[in-house]
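Dumped upload_39.cif below, it's mmCIF, C-alpha atoms and all ligand atoms:
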data_target
loop_
_atom_site.label_atom_id
_atom_site.label_comp_id
_atom_site.auth_asym_id
_atom_site.auth_seq_id
_atom_site.Cartn_x
_atom_site.Cartn_y
_atom_site.Cartn_z
CA MET A 1 -54.41 -17.66 32.34
CA SER A 2 -55.81 -14.17 32.65
CA GLU A 3 -58.51 -14.36 29.99
CA ALA A 4 -62.01 -14.33 31.30
CA VAL A 5 -64.88 -15.04 29.01
CA ALA A 6 -67.49 -12.34 28.53
CA ALA A 7 -70.19 -12.31 31.15
CA GLY A 8 -73.15 -11.56 28.97
CA GLY A 9 -73.82 -10.75 25.35
CA ALA A 10 -75.92 -12.40 22.70
CA PRO A 11 -76.11 -16.18 22.91
CA ALA A 12 -74.46 -18.00 20.01
CA ARG A 13 -76.68 -19.68 17.48
CA PRO A 14 -76.33 -23.49 17.37
CA ALA A 15 -74.77 -23.23 13.91
CA GLN A 16 -72.09 -20.92 15.29
CA LEU A 17 -71.33 -23.19 18.23
CA PHE A 18 -71.16 -26.14 15.83
CA ASP A 19 -68.67 -24.35 13.55
CA TYR A 20 -66.61 -23.25 16.50
CA LEU A 21 -66.44 -26.78 17.96
CA LEU A 22 -65.23 -28.03 14.57
CA ARG A 23 -62.35 -25.55 14.62
CA ILE A 24 -61.01 -27.01 17.84
CA ALA A 25 -61.83 -30.63 17.03
CA ASP A 26 -60.42 -30.52 13.48
CA THR A 27 -57.11 -29.05 14.62
CA SER A 28 -56.72 -31.96 17.05
CA LEU A 29 -57.88 -34.56 14.52
CA VAL A 30 -55.61 -33.36 11.72
CA LEU A 31 -52.60 -33.02 14.00
CA ALA A 32 -53.24 -36.52 15.38
CA GLN A 33 -53.29 -37.86 11.83
CA ARG A 34 -49.95 -36.15 11.07
CA LEU A 35 -48.36 -37.55 14.24
CA GLY A 36 -49.70 -40.98 13.37
CA GLU A 37 -47.66 -40.86 10.15
CA TRP A 38 -44.52 -41.10 12.31
CA ILE A 39 -45.45 -44.45 13.80
CA GLY A 40 -42.74 -46.89 12.80
CA HIS A 41 -40.60 -44.07 11.38
CA ALA A 42 -39.53 -42.02 14.40
CA PRO A 43 -35.80 -41.87 15.18
CA ALA A 44 -36.17 -43.98 18.34
CA ILE A 45 -38.83 -46.14 19.96
CA GLU A 46 -39.34 -43.53 22.70
CA GLU A 47 -40.26 -40.91 20.10
CA ASP A 48 -42.48 -43.38 18.28
CA LEU A 49 -44.34 -43.82 21.58
CA GLY A 50 -44.29 -40.12 22.32
CA PHE A 51 -45.93 -39.15 19.05
CA ALA A 52 -48.35 -42.07 19.19
CA ASN A 53 -49.49 -41.22 22.71
CA THR A 54 -49.84 -37.54 21.92
CA ALA A 55 -51.86 -38.45 18.83
CA LEU A 56 -54.09 -40.66 20.94
CA ASP A 57 -54.82 -37.85 23.39
CA LEU A 58 -55.57 -35.46 20.53
CA LEU A 59 -57.86 -37.98 18.93
CA GLY A 60 -59.65 -38.50 22.24
CA GLN A 61 -60.14 -34.74 22.60
CA ALA A 62 -61.41 -34.54 19.02
CA ARG A 63 -63.90 -37.33 19.69
CA LEU A 64 -65.36 -35.57 22.72
CA LEU A 65 -65.74 -32.39 20.67
CA PHE A 66 -67.19 -34.14 17.60
CA ALA A 67 -69.72 -35.99 19.75
CA TYR A 68 -70.81 -32.67 21.25
CA ALA A 69 -70.84 -30.93 17.84
CA ALA A 70 -73.02 -33.71 16.44
CA GLU A 71 -75.52 -33.18 19.27
CA VAL A 72 -75.51 -29.41 18.77
CA GLU A 73 -76.10 -29.85 15.06
CA GLY A 74 -78.98 -32.24 15.73
CA ARG A 75 -79.10 -33.69 12.23
CA GLY A 76 -78.34 -37.25 13.18
CA ARG A 77 -74.68 -37.17 12.15
CA SER A 78 -72.32 -39.16 14.39
CA GLU A 79 -68.80 -38.29 15.56
CA ASP A 80 -67.50 -40.65 12.86
CA ASP A 81 -69.56 -38.89 10.17
CA LEU A 82 -68.01 -35.60 11.21
CA ALA A 83 -64.48 -36.96 11.41
CA PHE A 84 -64.48 -38.99 8.22
CA LEU A 85 -67.20 -37.92 5.84
CA ARG A 86 -66.86 -34.20 5.27
CA GLU A 87 -65.37 -32.50 2.24
CA GLU A 88 -62.04 -30.73 2.45
CA ALA A 89 -63.55 -27.23 2.54
CA ASP A 90 -65.72 -28.26 5.51
CA TYR A 91 -62.69 -28.90 7.73
CA ARG A 92 -61.94 -26.01 10.04
CA ASN A 93 -58.50 -26.85 11.43
CA ALA A 94 -55.77 -24.26 11.75
CA THR A 95 -53.55 -24.55 8.67
CA LEU A 96 -50.41 -25.21 10.72
CA ALA A 97 -51.78 -28.59 11.86
CA GLU A 98 -52.04 -29.90 8.29
CA LEU A 99 -48.53 -28.97 7.13
CA PRO A 100 -46.40 -32.01 6.32
CA ASN A 101 -44.22 -33.59 9.01
CA GLY A 102 -40.92 -32.74 7.32
CA ASP A 103 -38.04 -33.94 9.47
CA PHE A 104 -38.20 -34.71 13.19
CA GLY A 105 -37.30 -31.10 14.05
CA ASP A 106 -40.08 -29.72 11.84
CA THR A 107 -42.59 -31.95 13.61
CA ILE A 108 -41.33 -30.86 17.04
CA VAL A 109 -41.54 -27.15 16.15
CA ARG A 110 -45.08 -27.53 14.74
CA GLN A 111 -46.09 -29.51 17.83
CA PHE A 112 -44.57 -27.00 20.22
CA LEU A 113 -46.36 -24.04 18.62
CA ILE A 114 -49.72 -25.86 18.65
CA ASP A 115 -49.27 -27.35 22.15
CA ALA A 116 -48.67 -23.87 23.57
CA TYR A 117 -51.68 -22.54 21.65
CA GLN A 118 -53.91 -25.33 22.96
CA ILE A 119 -52.71 -24.62 26.51
CA VAL A 120 -53.91 -21.01 26.36
CA LEU A 121 -57.04 -21.89 24.39
CA TYR A 122 -58.15 -24.66 26.77
CA GLY A 123 -57.14 -22.49 29.70
CA GLY A 124 -59.65 -19.89 28.49
CA LEU A 125 -62.32 -22.40 27.46
CA ARG A 126 -62.21 -23.97 30.90
CA LYS A 127 -64.17 -20.90 32.02
CA SER A 128 -66.63 -21.06 29.11
CA ARG A 129 -70.29 -20.39 29.86
CA ASP A 130 -70.91 -23.55 27.83
CA ALA A 131 -70.56 -26.15 30.59
CA ARG A 132 -69.93 -29.08 28.27
CA LEU A 133 -67.15 -27.28 26.41
CA ALA A 134 -65.67 -26.12 29.73
CA GLU A 135 -65.38 -29.67 31.05
CA ILE A 136 -63.87 -31.00 27.81
CA ALA A 137 -61.32 -28.16 27.95
CA ALA A 138 -60.44 -28.88 31.59
CA LYS A 139 -59.80 -32.51 30.73
CA ALA A 140 -57.80 -31.68 27.60
CA LEU A 141 -55.72 -29.05 29.38
CA LYS A 142 -54.15 -31.62 31.72
CA GLU A 143 -53.09 -33.79 28.79
CA THR A 144 -51.84 -30.84 26.77
CA ARG A 145 -49.49 -29.79 29.56
CA TYR A 146 -47.79 -33.13 29.13
CA HIS A 147 -47.57 -32.63 25.36
CA LEU A 148 -46.01 -29.20 25.77
CA ARG A 149 -43.44 -30.54 28.21
CA TYR A 150 -42.44 -33.21 25.68
CA SER A 151 -42.19 -30.86 22.68
CA SER A 152 -40.41 -28.20 24.78
CA ASN A 153 -37.79 -30.68 25.99
CA TRP A 154 -37.05 -31.71 22.43
CA LEU A 155 -37.00 -28.15 21.14
CA VAL A 156 -34.35 -27.27 23.73
CA ARG A 157 -32.27 -30.35 22.88
CA LEU A 158 -32.39 -29.56 19.16
CA GLY A 159 -32.11 -25.77 19.40
CA ASP A 160 -29.31 -25.88 21.95
CA GLY A 161 -27.77 -28.94 20.30
CA THR A 162 -25.39 -29.10 17.37
CA GLU A 163 -24.87 -26.35 14.82
CA GLU A 164 -26.81 -28.47 12.34
CA SER A 165 -29.80 -29.17 14.63
CA HIS A 166 -29.91 -25.53 15.71
CA ALA A 167 -29.95 -24.25 12.14
CA ARG A 168 -32.64 -26.70 11.13
CA VAL A 169 -35.10 -25.98 13.93
CA GLN A 170 -34.54 -22.24 13.56
CA ALA A 171 -35.43 -22.62 9.86
CA SER A 172 -38.57 -24.61 10.83
CA LEU A 173 -39.55 -21.94 13.30
CA ASP A 174 -39.10 -19.20 10.68
CA ARG A 175 -41.19 -21.14 8.20
CA PHE A 176 -44.03 -22.06 10.58
CA TRP A 177 -44.21 -18.79 12.50
CA PRO A 178 -46.42 -16.85 10.04
CA HIS A 179 -49.02 -19.63 10.28
CA THR A 180 -49.50 -18.93 13.99
CA ALA A 181 -51.07 -15.55 13.15
CA GLU A 182 -54.25 -17.40 12.23
CA PHE A 183 -54.68 -18.54 15.86
CA PHE A 184 -55.03 -14.97 17.10
CA ASP A 185 -56.74 -13.26 14.17
CA ALA A 186 -60.38 -12.91 15.24
CA ASP A 187 -63.04 -13.27 12.56
CA ASP A 188 -66.83 -12.97 12.76
CA LEU A 189 -67.27 -16.42 14.25
CA ASP A 190 -64.60 -15.79 16.89
CA ARG A 191 -66.29 -12.52 17.81
CA ALA A 192 -69.71 -14.21 18.02
CA VAL A 193 -68.57 -16.99 20.37
CA THR A 194 -66.54 -14.57 22.44
CA GLY A 195 -69.53 -12.23 22.72
CA ALA A 196 -71.68 -15.14 23.87
CA GLY A 197 -69.23 -16.00 26.63
CA ILE A 198 -68.38 -19.33 25.02
CA ALA A 199 -64.77 -18.63 24.12
CA PRO A 200 -61.98 -16.32 25.25
CA PRO A 201 -61.10 -13.46 22.89
CA VAL A 202 -58.50 -14.99 20.58
CA GLN A 203 -56.58 -11.77 20.05
CA ASP A 204 -55.95 -11.61 23.81
CA LEU A 205 -54.62 -15.17 23.95
CA ARG A 206 -51.48 -14.18 22.10
CA ALA A 207 -49.79 -12.55 25.09
CA ASP A 208 -50.35 -15.71 27.17
CA TRP A 209 -49.11 -17.83 24.30
CA LEU A 210 -45.92 -15.79 24.03
CA ARG A 211 -45.41 -16.19 27.78
CA GLN A 212 -45.55 -19.97 27.27
CA ILE A 213 -43.11 -20.11 24.39
CA GLU A 214 -40.57 -17.33 24.92
CA PRO A 215 -38.71 -18.90 27.87
CA VAL A 216 -38.42 -22.16 25.90
CA LEU A 217 -37.14 -20.37 22.79
CA ALA A 218 -34.57 -18.60 24.95
CA GLU A 219 -33.40 -21.85 26.53
CA ALA A 220 -33.25 -23.39 23.07
CA THR A 221 -31.16 -20.39 21.90
CA LEU A 222 -33.69 -19.78 19.12
CA GLN A 223 -34.72 -16.40 17.78
CA ARG A 224 -38.38 -15.50 17.76
CA PRO A 225 -39.13 -14.72 14.09
CA PRO A 226 -40.59 -11.35 13.14
CA ASP A 227 -44.36 -11.23 12.75
CA ALA A 228 -45.46 -11.40 9.15
CA ALA A 229 -48.64 -11.05 7.15
CA HIS A 230 -50.37 -14.38 6.69
CA ARG A 231 -52.75 -15.65 4.07
CA TRP A 232 -53.91 -18.98 5.49
CA TYR A 233 -57.36 -19.39 6.91
CA GLY A 234 -57.78 -23.08 7.52
CA LYS A 235 -60.24 -22.17 10.25
CA GLN A 236 -62.50 -20.78 7.51
CA GLY A 237 -62.06 -23.84 5.31
CA ARG A 238 -59.42 -22.32 3.03
CA HIS A 239 -56.58 -24.80 3.26
CA SER A 240 -53.12 -25.40 1.90
CA GLU A 241 -52.69 -28.01 -0.84
CA HIS A 242 -51.62 -30.51 1.83
CA LEU A 243 -54.95 -31.15 3.55
CA GLY A 244 -56.53 -32.96 0.60
CA HIS A 245 -53.78 -35.59 0.59
CA LEU A 246 -54.05 -36.03 4.34
CA LEU A 247 -57.82 -36.50 4.10
CA ALA A 248 -57.45 -39.06 1.34
CA ASP A 249 -55.51 -41.17 3.83
CA LEU A 250 -57.73 -40.35 6.80
CA GLN A 251 -60.99 -41.04 5.01
CA TYR A 252 -60.02 -43.94 2.81
CA LEU A 253 -61.39 -46.73 4.97
CA GLN A 254 -64.73 -45.08 5.75
CA ARG A 255 -65.23 -44.07 2.13
CA ALA A 256 -64.30 -47.48 0.72
CA HIS A 257 -66.23 -49.44 3.35
CA PRO A 258 -69.01 -47.19 4.69
CA GLY A 259 -69.91 -48.02 8.28
CA ALA A 260 -66.93 -50.37 8.65
CA ARG A 261 -66.51 -51.79 12.16
CA TRP A 262 -63.60 -53.58 13.79
CA MET B 1 -77.96 -51.79 56.67
CA ASN B 2 -81.03 -51.21 54.53
CA ALA B 3 -81.68 -52.86 51.19
CA ALA B 4 -80.33 -49.95 49.14
CA THR B 5 -76.96 -49.75 50.87
CA ALA B 6 -76.63 -53.54 50.74
CA GLY B 7 -77.08 -53.41 46.96
CA ILE B 8 -74.46 -50.69 46.63
CA ALA B 9 -72.03 -52.54 48.89
CA ARG B 10 -72.46 -55.60 46.71
CA THR B 11 -71.94 -53.50 43.58
CA ARG B 12 -68.68 -52.14 45.00
CA GLN B 13 -67.57 -55.66 45.81
CA ILE B 14 -68.23 -56.72 42.21
CA LEU B 15 -66.47 -53.65 40.81
CA SER B 16 -63.44 -54.51 42.94
CA THR B 17 -63.08 -57.63 40.76
CA VAL B 18 -63.28 -55.80 37.40
CA PRO B 19 -59.70 -55.25 36.21
CA ASP B 20 -58.31 -52.31 34.29
CA PRO B 21 -57.59 -53.89 30.86
CA GLU B 22 -54.18 -52.20 30.61
CA ILE B 23 -52.95 -52.76 34.17
CA PRO B 24 -54.96 -55.81 35.24
CA VAL B 25 -53.66 -55.84 38.83
CA LEU B 26 -55.73 -52.70 39.39
CA SER B 27 -59.48 -52.91 39.66
CA VAL B 28 -61.63 -50.10 38.34
CA LEU B 29 -62.19 -49.12 41.99
CA ASP B 30 -58.44 -48.97 42.72
CA LEU B 31 -58.03 -46.76 39.66
CA GLY B 32 -60.47 -44.22 41.10
CA ILE B 33 -62.58 -43.91 37.97
CA ILE B 34 -65.89 -44.88 39.64
CA ARG B 35 -67.45 -41.55 40.60
CA SER B 36 -70.77 -42.68 42.00
CA ILE B 37 -73.04 -45.70 42.32
CA GLU B 38 -76.78 -45.29 42.64
CA GLU B 39 -79.74 -47.59 42.63
CA THR B 40 -82.50 -46.38 40.33
CA PRO B 41 -86.20 -46.61 41.29
CA ASP B 42 -86.73 -49.42 38.78
CA GLY B 43 -84.15 -51.60 40.54
CA GLY B 44 -81.31 -50.88 38.14
CA LEU B 45 -77.91 -49.30 38.71
CA ARG B 46 -76.58 -45.98 37.56
CA ILE B 47 -72.79 -45.75 37.66
CA GLU B 48 -70.76 -42.67 36.86
CA VAL B 49 -67.35 -43.39 35.35
CA SER B 50 -64.55 -40.99 34.43
CA PRO B 51 -62.07 -41.74 31.66
CA THR B 52 -58.40 -41.60 32.67
CA TYR B 53 -57.18 -40.09 29.38
CA SER B 54 -59.60 -38.76 26.78
CA GLY B 55 -57.86 -40.91 24.17
CA CYS B 56 -57.53 -44.00 26.34
CA PRO B 57 -58.45 -46.91 24.07
CA ALA B 58 -59.49 -48.95 27.10
CA THR B 59 -62.40 -46.68 28.08
CA ALA B 60 -65.03 -48.45 25.98
CA MET B 61 -63.73 -51.84 27.10
CA ILE B 62 -63.85 -50.83 30.77
CA GLU B 63 -67.49 -49.80 30.42
CA ALA B 64 -68.35 -53.07 28.69
CA ASP B 65 -66.51 -55.08 31.37
CA ILE B 66 -68.36 -53.28 34.18
CA ARG B 67 -71.69 -53.92 32.51
CA THR B 68 -70.92 -57.61 31.92
CA ALA B 69 -69.71 -58.22 35.48
CA LEU B 70 -72.80 -56.62 37.00
CA GLN B 71 -75.19 -58.34 34.62
CA ASN B 72 -73.58 -61.70 35.43
CA ALA B 73 -74.12 -60.90 39.11
CA GLY B 74 -77.82 -60.35 38.58
CA PHE B 75 -78.12 -56.63 37.85
CA PRO B 76 -79.88 -56.67 34.46
CA SER B 77 -80.25 -52.91 34.11
CA VAL B 78 -76.95 -51.02 34.31
CA GLN B 79 -76.68 -47.46 33.12
CA ILE B 80 -73.13 -46.15 32.72
CA VAL B 81 -72.66 -42.41 32.51
CA GLU B 82 -69.35 -40.89 31.46
CA VAL B 83 -68.39 -37.93 33.64
CA LEU B 84 -65.60 -35.57 32.58
CA SER B 85 -65.75 -32.96 35.30
CA PRO B 86 -63.78 -32.60 37.43
CA PRO B 87 -61.25 -34.44 35.30
CA TRP B 88 -59.81 -37.67 36.63
CA THR B 89 -56.47 -37.32 38.37
CA SER B 90 -53.90 -39.97 39.28
CA GLU B 91 -54.34 -38.78 42.89
CA TRP B 92 -57.59 -40.75 42.93
CA ILE B 93 -55.75 -44.06 42.72
CA SER B 94 -56.29 -45.71 46.11
CA ALA B 95 -53.61 -46.62 48.66
CA GLU B 96 -54.42 -50.24 47.88
CA GLY B 97 -53.87 -49.38 44.21
CA HIS B 98 -50.43 -47.95 45.01
CA ARG B 99 -49.47 -51.14 46.80
CA LYS B 100 -50.69 -53.31 43.93
CA LEU B 101 -48.80 -51.19 41.38
CA ARG B 102 -45.55 -51.53 43.34
CA ASP B 103 -45.98 -55.29 43.66
CA TYR B 104 -46.61 -55.45 39.92
CA GLY B 105 -43.38 -53.55 39.18
CA ILE B 106 -44.89 -50.16 38.34
CA SER B 107 -43.85 -47.13 40.33
CA PRO B 108 -47.06 -45.46 41.56
CA PRO B 109 -47.82 -41.79 40.83
CA THR B 110 -46.36 -39.68 43.64
CA ALA B 111 -45.26 -36.07 43.86
CA ALA B 112 -41.58 -37.12 44.14
CA ALA B 113 -39.45 -35.69 41.34
CA THR B 114 -37.63 -38.99 40.86
CA PRO B 115 -39.68 -42.12 41.41
CA VAL B 116 -38.54 -44.99 43.60
CA CYS B 117 -37.51 -48.16 41.78
CA PRO B 118 -40.28 -50.72 42.36
CA ARG B 119 -37.72 -53.57 42.19
CA CYS B 120 -35.00 -52.52 44.63
CA GLY B 121 -36.42 -49.43 46.33
CA SER B 122 -33.62 -47.09 45.23
CA ALA B 123 -34.49 -43.45 44.58
CA ASP B 124 -31.49 -43.12 42.24
CA THR B 125 -33.51 -43.29 39.02
CA GLU B 126 -33.81 -41.35 35.78
CA LEU B 127 -36.46 -40.70 33.17
CA ILE B 128 -35.90 -42.46 29.84
CA SER B 129 -39.10 -41.53 28.07
CA GLU B 130 -42.09 -39.32 28.95
CA PHE B 131 -44.29 -41.84 27.21
CA GLY B 132 -44.35 -45.56 27.86
CA SER B 133 -46.19 -48.60 26.58
CA THR B 134 -49.63 -47.17 27.42
CA PRO B 135 -50.89 -43.58 27.71
CA CYS B 136 -50.79 -43.70 31.51
CA LYS B 137 -47.13 -44.71 31.92
CA ALA B 138 -43.67 -43.20 31.50
CA LEU B 139 -40.42 -45.18 31.23
CA HIS B 140 -37.63 -44.83 33.83
CA ARG B 141 -34.37 -46.57 34.64
CA CYS B 142 -32.87 -47.46 38.03
CA HIS B 143 -29.18 -46.65 38.53
CA ALA B 144 -28.89 -49.06 41.46
CA CYS B 145 -30.23 -52.28 39.93
CA LEU B 146 -29.95 -51.04 36.32
CA GLU B 147 -33.43 -52.25 35.44
CA PRO B 148 -35.88 -50.16 33.44
CA PHE B 149 -39.33 -49.72 34.96
CA ASP B 150 -42.67 -48.07 34.26
CA ARG B 151 -44.01 -45.25 36.33
CA PHE B 152 -47.68 -44.38 36.43
CA LYS B 153 -47.77 -40.78 35.17
CA CYS B 154 -48.98 -38.02 37.46
CA ILE B 155 -51.81 -36.24 35.75
ZN ZN C 301 -33.74 -50.66 41.14
#
Show me the file's structure as structure tokens.
Ligand SMILES: [Zn+2]
Amino acid sequence: MSEAVAAGGAPARPAQLFDYLLRIADTSLVLAQRLGEWIGHAPAIEEDLGFANTALDLLGQARLLFAYAAEVEGRGRSEDDLAFLREEADYRNATLAELPNGDFGDTIVRQFLIDAYQIVLYGGLRKSRDARLAEIAAKALKETRYHLRYSSNWLVRLGDGTEESHARVQASLDRFWPHTAEFFDADDLDRAVTGAGIAPPVQDLRADWLRQIEPVLAEATLQRPPDAAHRWYGKQGRHSEHLGHLLADLQYLQRAHPGARW
Amino acid sequence: MNAATAGIARTRQILSTVPDPEIPVLSVLDLGIIRSIEETPDGGLRIEVSPTYSGCPATAMIEADIRTALQNAGFPSVQIVEVLSPPWTSEWISAEGHRKLRDYGISPPTAAATPVCPRCGSADTELISEFGSTPCKALHRCHACLEPFDRFKCI
């Protein structure tokens, strides 16, 4: 990971740090919820366990980030309040994470693209000037390496598999690819946290990300799709039509039984 | 031995009896998640604990079990602090922990590319699934005795 965070610059305001933490946490939370939908439906018990365990790691990472975000915000909200009791437009996850599972290959492609992104993101955040975020990133990075190995192995099996499996994962890749532009398209918040030395510059992460995924795509005999204009900004709260349905499921229990405990 | 070190030695002895809820042959000490033990000026204990996996469902239970065991042993004030950095690694599992894992039928985390079968000792094994019955284990199969077995994941 070559990205170093900026040495100086203006410190981020608490509201900016809060929003930025939600971007990372929400991507993990929403992806965990999607993976959880596979439980009991995966093609084999091993894949049921694989998705469930990955979801559990993502949820654990999200919890650490929500707990920190709640402290930064300082308004008495808990990690549960942040996870379960916000409105759709207040979620800041990357749009790709909320897209429906589709078939097993679709889920693997989505996972692979996000795993590789989280590897480079956490790799950069590990050196954040924000010590708490740096230690969460260091912890998450170790788990994410395992996730990427799992999704990469499956992508190679499917891409370099039968004619049918190859065609299907190539189509998934073509469909999901434009959504990855959002990861690396810096907006005002990204520039603010980068300037404060909290986060690596997102536009520079792309080269590292490509270095993670290109060898796997080659082994999987898949073509890297051409870059395309994108119009999804989940990280700014502008989501696809799919997030609302996901949140209805995610939030149902807390909304129906506020403060419910096991 | 002064009074402080005696209290810490006793605390370690008690912690060596607190099992990991998911692999109960291992104590929390064997698992390497106890980062420090200190006596506080008011006569209480401050214990730093690191989670194995950030999503490990057993983390809260482990903290509750530690607290209960120490309170039952006469330490009323126990402060447990979660420490993330540096992140826990399977290399912190003790030699005693490795032995207990093998006896229990789980291949311990080693650098070897293919783990040794905990039942028959053969190294002729293959990975079945990267993820096993708990976040910390992967599933393997032994070609010699044909039995499947869990391996503690290297992380
Ligand atoms: Zn064997």
*Compute the set of chain B residues within 10 Å of chain A, using only C-alpha atoms, and express it as a VMD selection string.*
chain B and resid 51 to 57 83 to 89 128 to 136 138 to 139 153 to 155
*asked:* Around the point (-74.9, -57.0, 35.1) (coordinates from the file), which residues reach within 10 Å if we count all atoms listed in the file? Answer as a ChimeraX atom specification.
replied: /B:11,14,44-45,64-79
*Got a sec to check which residues lie within 12 Å of ligand ZN 301 (chain C), using all atoms listed in the file, and send them as a ChimeraX atom specification?*
/B:105-107,115-126,140-150
_Quick one: residues within 7 Å of region 215-232 of chain A, only C-alpha atoms, excluding same-chain residues fewer than 3 positions away - as JSON, numbers by chain?_
{"A": [95, 152, 155, 156, 159, 160, 170, 174, 177, 178, 179, 181, 182, 212, 238, 239]}
Residue selection dump (C-alpha atoms) as a JSON list (two decimals), keeping the file's coordinate frame:
[["chain", "number", "residue", "atom", "x", "y", "z"],
["A", 95, "THR", "CA", -53.55, -24.55, 8.67],
["A", 152, "SER", "CA", -40.41, -28.20, 24.78],
["A", 155, "LEU", "CA", -37.00, -28.15, 21.14],
["A", 156, "VAL", "CA", -34.35, -27.27, 23.73],
["A", 159, "GLY", "CA", -32.11, -25.77, 19.40],
["A", 160, "ASP", "CA", -29.31, -25.88, 21.95],
["A", 170, "GLN", "CA", -34.54, -22.24, 13.56],
["A", 174, "ASP", "CA", -39.10, -19.20, 10.68],
["A", 177, "TRP", "CA", -44.21, -18.79, 12.50],
["A", 178, "PRO", "CA", -46.42, -16.85, 10.04],
["A", 179, "HIS", "CA", -49.02, -19.63, 10.28],
["A", 181, "ALA", "CA", -51.07, -15.55, 13.15],
["A", 182, "GLU", "CA", -54.25, -17.40, 12.23],
["A", 212, "GLN", "CA", -45.55, -19.97, 27.27],
["A", 238, "ARG", "CA", -59.42, -22.32, 3.03],
["A", 239, "HIS", "CA", -56.58, -24.80, 3.26]]
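Near Ile24 (chain A), within a cut-off of 10 Å and counting all atoms listed in the file, sit the residues A:Asp19, A:Tyr20, A:Leu21, A:Thr27, A:Ser28, A:Leu29, A:Gln61, A:Ala62, A:Leu65, A:Phe66, A:Arg92, A:Asn93, A:Ala94, A:Gln118, A:Leu121, A:Tyr122, A:Lys235, with same-chain residues fewer than 3 positions away left out.
Counting all atoms listed in the file, Gln254 (chain A) has the following residues at most 10 Å away, ignoring those fewer than 5 positions along the same chain: Asp80, Asp81, Ala83, Phe84, Leu85, Gly259, Ala260 and Arg261 of chain A.
Across the structure, CA of Lys100 (chain B) and CA of Val25 (chain B) are spaced 6.4 Å apart.
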*Skip Glu98 (chain A) itself and residues of its chain fewer than 3 positions away, then list as JSON, numbers by chain all residues within 8 Å of it, counting only C-alpha atoms.*
{"A": [30, 31, 34, 93, 94, 95, 240, 242, 243, 246]}
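CA of Val193 (chain A) is positioned 10.5 Å from CA of Phe18 (chain A).
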*Quick one: distance from CA of Gly9 (chain A) to CA of Ala186 (chain A) in Å, one decimal?*
17.0 Å
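The shortest atom-to-atom distance to Gly237 (chain A), with only C-alpha atoms taken into account, belongs to A:Ala89 out of A:Ala89, A:Ala32, A:Ala199, A:Ile108.
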Which residues come within 8 Å of Arg46 (chain B), counting all atoms listed in the file, excluding same-chain residues fewer than 2 positions away, as a PDB file with C-alpha atoms, in the frame of the given file?
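Result file result-v5.pdb:
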ATOM      1  CA  ILE B  37     -73.040 -45.700  42.320  1.00  0.00           C
ATOM      2  CA  GLU B  38     -76.780 -45.290  42.640  1.00  0.00           C
ATOM      3  CA  GLU B  39     -79.740 -47.590  42.630  1.00  0.00           C
ATOM      4  CA  THR B  40     -82.500 -46.380  40.330  1.00  0.00           C
ATOM      5  CA  GLY B  44     -81.310 -50.880  38.140  1.00  0.00           C
ATOM      6  CA  GLU B  48     -70.760 -42.670  36.860  1.00  0.00           C
ATOM      7  CA  VAL B  78     -76.950 -51.020  34.310  1.00  0.00           C
ATOM      8  CA  GLN B  79     -76.680 -47.460  33.120  1.00  0.00           C
ATOM      9  CA  ILE B  80     -73.130 -46.150  32.720  1.00  0.00           C
ATOM     10  CA  VAL B  81     -72.660 -42.410  32.510  1.00  0.00           C
TER      11      VAL B  81
END
